[in-house]
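> Would you mind keeping the following structure in view while I ask a few things?
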Amino acid sequence: MTTVDQPVDVLLRDGSTVQLRQISPADAPGIVAMHSRFSERTRYLRYFSPYPRIPERDLIRFVTVDHRDREAFVVLAGDQIIAVGRYERLGPQAPEAEVAFVVEDAHQGRGIGSVLMEHLADAARRNGIMSFVAEVLPTNGTMLRVFADFGYQVQREYADGVVHLSFPIAPTEATLEVQRGREHRTEARSIARLLAPRGIAVYGASATGQGVGAAVLGHLRDGGFTGAVVPVHPSASTVAGLPAYPSAVDAGVPVDLAVVAVPPEVATAVVADAAAAGVHGLVVISAGFAEAGPEGAAAQRALVRAAHAAGMRVVGPNCLGVANTDPAVRLNATLAPALPPAGRVGIFSQSGAFGVALLAEADRRGLGVSSFVSAGNRADVSGNDLLQYWQDDPGTDVIMLYLETFGNPRKFARLARRIGRAKPVVALASPARPVGVGDSDGPDEVAVAALFAQSGVIRVDTVSELLDVGVLLANQPLPAGGRVGVVGNSSALTGLAATACAGQGLTVADGYPRDVGPSAGAAVFAAALAETAADEGVDALVVVFAPPLPGQLTDVDADVTAALPAALALGKPTVATFLVGRLPAGVPAYGGVEEAVRALARVYRYAEWLRRPPGVTPELPRVDGDAAQAALHADTIDPGALLAAYGIETVASVPADSADAVIDAAARLGFPVALKAAAPGLRHRLDLGAVRLGLPDEAALRLAYAEVAALFGADVLVQPMVPPGVACVVELVEDPAFGPVVGFGLGGVATELLGDRAWRAVPLTDTDAAELVDEPRAAPLLRGHRGAAPVDRAALADLLLRVGQLADEQPRVRSLTLNPVLARPDGISVLHAEVRVGGVLARPDTGPRRL
């Protein structure tokens, strides 16, 4: 849940930025000034009367609110208030409030009303207001559409010449879909304006041709940018052979983008000059900002604040730049002297240095690029923004990301799930967990890969793998299955390919690998490939070719690469490792057999993800949000009550620290009982003697307590006995890449030692929960093993869905462990629960839109 106790920047429909904050008494002059700029029509539609001026009494009331029963937000473009929205509760403790807002004429139609509505509704909900009412004149069609288009169930009544509206403001799937649709459009538009500018101003290019500014200017000029290039220089009349101007506005041409290569201390002055010229965004190449220490971080914040106040977005600072290979644009505003050929792959790199290497390697492999963005310090524009842009970009079919950190992990996972259904996303991302994230070790390397796969992201580990997968996706169709036909002229290479397929989870098709022999020429090789491509039992081809011995084949027979196009014509993905010759365009070439097979396997798993149903987030019975809030806001957090609010019942557990207390607890619970050491790490350690089960009477209980106390201390827990079952563990932790994640595995020292946990990101779908139960390596124990009865796996899936909903709705819950959970044929029993909570924090990707 987000708040606006501090000013926030938001994107509007046209991709520009404005600031939104709570109103204050100091805003009175700004409100009066805005009111003076209203047209007569706007005043009449808002106040139902001409209302030419705001009386002093009304003005004081307008700008003085208690931020609880009366709240108001102002929207500012620069220092000028351009809109105001407010709600007022209809009586003490009333669950309803009246809402109203007004936008200055010059800024109407930019989506400001919907932004105000989101923030007002969020603030009202946090203060116990459940519904809004509004009165709108019938002629105010724009305002009526704002309410109608929000997804709320609006009730309308017409009386006394006014339309009376009322609607609940609780978030619903409909309102969330509307909000995220607007988020997508505004963020995509903001990036589109950066990548297709009409003109570019370059600040910091020296007249001597030295330095990064001059380098970028030269690349823009030599790359054939189709718009105007305007060097801005305080004294020179020409820079790099181009007319220079002391200010961008002096050029007299439309300028949408500014490339900034000036020291941090003068960057904000550049922002002012660019804003005067109508620039939409900044690409800040300069270093010396947040990466340089506290002073640089302060300069970076000032830069972004100044840019947002002027309606601009910022790429960088400390970045490589941006590029767009569209022939209608031909933009190379980067430090890379040459770009890869035009193509259909979008590339995002957080690192500038890495971006240079990535572009060079893409060029070497012939991987065509549509657009490229290096975010550097990622002070504003991030990988999530580019995902939003590339989703609808008709020139991009494949998305490649290099990510060092995740600024908004939940949003990344959400966007990837959606975009991955239409366009493959390949990511090179670190699995490292920052210090202090979560209480447990969380997902390991294998589980992190599974989390990416859950979101449809093809995660790779190296730069080479990133390109390996990228060239395959860019040039070949997706495999219809995992059956691979291996064809080659070397038994050693085909055998190596078959072994690699097995190791990567691919199946070597029946009748393969096929070795045509070292003396096979082009015609024989072509016939073998055509036959394999036509084989209905083959979904993909792996082709390997070792060079023949000198003189073994004629020149015509030796041109084996000519055999490949016929195989490609049948539409099955083909990867090749040729140790001689140059492969034709469209055939992904790999230096080694293992690399070729690994890339094919990663793409196959993505294709399998596409074929699986995405699942739905079911509405769970027995969930009480009010009870959950009461459990979390009590003086002492009540884990049992919190879990019960989500329909998770735990077996009664009574603490005791003496023999008499143990006997009293057993008397209340009823024999037989279980006795356990109270320390969290010992409560399930039957192997250490920390757990004693089935104690039938007082004598047995006293003896057991004496033994346990002697070994592990006086503090114990007493529980009633429940029927035995398979011990399972459910966990909730915060992951740096995906936010809250739910883990599931089987209990026991061996499975804990092996890290046998499956993980999924929140929110969980029914498909996610079912896969969680079946994914651990020890999962066959749940389905019946060596004659045991299968457990109720549906009950386990239901438990996981409830934990997932708890995690999604309660950001104060930092971690949760249910251990053990006994699974039986007739249901489950949760024996112990550990919950760690923290203060109320703004959780990314929840609440109203904000940058």
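Numbering starts fresh at 1 for the residues of each chain in the structure tokens, the chains themselves are lettered A, B, ... in the order given, and ligands are numbered from 1 as they appear.
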Which residues are close to Thr765 in chain A, i.e. within 6 Å by only C-alpha atoms, leaving aside same-chain residues fewer than 5 positions away? Reply as a PDB file with N, CA, C and O atoms, in the first residue's frame.


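File produced: result.pdb:
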```
ATOM      1  N   GLY A 615      -3.845 -20.463 -15.381  1.00  0.00           N
ATOM      2  CA  GLY A 615      -4.459 -20.596 -14.060  1.00  0.00           C
ATOM      3  C   GLY A 615      -5.191 -19.331 -13.656  1.00  0.00           C
ATOM      4  O   GLY A 615      -5.070 -18.272 -14.275  1.00  0.00           O
ATOM      5  N   VAL A 616      -5.954 -19.440 -12.577  1.00  0.00           N
ATOM      6  CA  VAL A 616      -6.702 -18.309 -12.047  1.00  0.00           C
ATOM      7  C   VAL A 616      -6.436 -18.200 -10.553  1.00  0.00           C
ATOM      8  O   VAL A 616      -6.017 -19.160  -9.908  1.00  0.00           O
ATOM      9  N   THR A 617      -6.639 -17.021 -10.033  1.00  0.00           N
ATOM     10  CA  THR A 617      -6.538 -16.814  -8.591  1.00  0.00           C
ATOM     11  C   THR A 617      -7.929 -17.000  -7.998  1.00  0.00           C
ATOM     12  O   THR A 617      -8.785 -16.122  -8.150  1.00  0.00           O
TER      13      THR A 617
END
```

> Within 6 Å of range 802-812 of chain A, counting only C-alpha atoms, which residues qualify if same-chain residues fewer than 2 places away don't, as a VMD selection string?

chain A and resid 762 to 764 799 to 800 814 837 to 840

> Give me the residues near Ala124 in chain A as a PyMOL selection string, where near means some atom within 9 Å (using only C-alpha atoms) and where sequence neighbours in that chain fewer than 6 positions away do not count.

chain A and resi 68-69+71+87+89+97+130-132+169

> Which of range 166-414 of chain A end up as helix (DSSP H, G or I) when DSSP is run on this backbone - answer as a ChimeraX atom specification?

/A:173-195,212-222,248-251,264-276,290-292,294-309,352-365,383-392,409-414

> Any idea what the distance is between CA of Ala526 in chain A and CA of Leu564 in chain A?

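CA of Ala526 in chain A sits 6.8 Å away from CA of Leu564 in chain A.
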
> Find, counting only C-alpha atoms, the residue in A:Glu98, A:Glu531, A:Asp461, A:Asp256 that gets nearest to Ala449 in chain A.

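Between A:Glu98, A:Glu531, A:Asp461, A:Asp256, the residue approaching Ala449 in chain A most closely is A:Asp461.
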
> Write out as an MDAnalysis selection string the residues lying within 10 Å of range 35-44 of chain A, counting only C-alpha atoms and excluding same-chain residues fewer than 3 positions away.

chainID A and resid 29:32 47:54 81:83 102:106 137 140

> Got a sec: who's within 12 Å of Pro337 in chain A, counting only C-alpha atoms, leaving out chain neighbours fewer than 6 positions off, as a PyMOL selection string?

chain A and resi 212+214-223+320-321+323+331+356-357+359-360+363

> If we count only C-alpha atoms and set the cut-off at 12 Å, which residues sit around Asp660 in chain A, ignoring sequence neighbours fewer than 5 positions away in its own chain? Please answer as an MDAnalysis selection string.

chainID A and resid 655 665:667 698:699 701:702 705:706 714

> Emit the selected residues as a PDB file, in the first residue's frame, including N, CA and C atoms.


```pdb
ATOM      1  N   PRO A 655       2.219 -23.610  25.849  1.00  0.00           N
ATOM      2  CA  PRO A 655       3.581 -23.551  26.393  1.00  0.00           C
ATOM      3  C   PRO A 655       3.592 -23.905  27.879  1.00  0.00           C
ATOM      4  N   ALA A 665      -1.584 -28.540  31.298  1.00  0.00           N
ATOM      5  CA  ALA A 665      -1.877 -28.375  29.868  1.00  0.00           C
ATOM      6  C   ALA A 665      -2.481 -29.644  29.295  1.00  0.00           C
ATOM      7  N   ALA A 666      -1.928 -30.791  29.654  1.00  0.00           N
ATOM      8  CA  ALA A 666      -2.451 -32.058  29.141  1.00  0.00           C
ATOM      9  C   ALA A 666      -3.875 -32.305  29.618  1.00  0.00           C
ATOM     10  N   ALA A 667      -4.156 -31.885  30.861  1.00  0.00           N
ATOM     11  CA  ALA A 667      -5.506 -32.073  31.390  1.00  0.00           C
ATOM     12  C   ALA A 667      -6.514 -31.262  30.587  1.00  0.00           C
ATOM     13  N   GLU A 698      -0.368 -39.285  32.839  1.00  0.00           N
ATOM     14  CA  GLU A 698       0.452 -38.336  33.599  1.00  0.00           C
ATOM     15  C   GLU A 698       1.837 -38.883  33.872  1.00  0.00           C
ATOM     16  N   ALA A 699       1.955 -40.165  34.215  1.00  0.00           N
ATOM     17  CA  ALA A 699       3.255 -40.746  34.542  1.00  0.00           C
ATOM     18  C   ALA A 699       4.195 -40.672  33.335  1.00  0.00           C
ATOM     19  N   LEU A 701       3.976 -38.678  30.854  1.00  0.00           N
ATOM     20  CA  LEU A 701       4.247 -37.284  30.532  1.00  0.00           C
ATOM     21  C   LEU A 701       5.314 -36.703  31.445  1.00  0.00           C
ATOM     22  N   ARG A 702       5.240 -37.029  32.767  1.00  0.00           N
ATOM     23  CA  ARG A 702       6.260 -36.526  33.701  1.00  0.00           C
ATOM     24  C   ARG A 702       7.645 -37.053  33.331  1.00  0.00           C
ATOM     25  N   TYR A 705       8.854 -35.291  30.176  1.00  0.00           N
ATOM     26  CA  TYR A 705       9.245 -33.911  30.421  1.00  0.00           C
ATOM     27  C   TYR A 705      10.616 -33.846  31.086  1.00  0.00           C
ATOM     28  N   ALA A 706      10.857 -34.715  32.048  1.00  0.00           N
ATOM     29  CA  ALA A 706      12.151 -34.711  32.735  1.00  0.00           C
ATOM     30  C   ALA A 706      13.288 -34.948  31.736  1.00  0.00           C
ATOM     31  N   ALA A 714      13.842 -26.133  30.104  1.00  0.00           N
ATOM     32  CA  ALA A 714      12.544 -26.319  30.743  1.00  0.00           C
ATOM     33  C   ALA A 714      11.372 -25.936  29.852  1.00  0.00           C
TER      34      ALA A 714
END
```

> Tell me which of A:Val329, A:Ala353, A:Ala309, A:Val813 sits closest to Pro740 in chain A, counting only C-alpha atoms.

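Using only C-alpha atoms, the shortest distance to Pro740 in chain A belongs to A:Val813.
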
> How would you write, as a PyMOL selection string, the set of residues in range 113-280 of chain A that DSSP gives as strand (DSSP E)?

chain A and resi 131-136+155-159+162-168+199-203+228-232+238-239+242-243+257-260

> Any idea what the distance is between CA of Asp798 in chain A and CA of Asp624 in chain A?

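Going from CA of Asp798 in chain A over to CA of Asp624 in chain A covers 16.0 Å.
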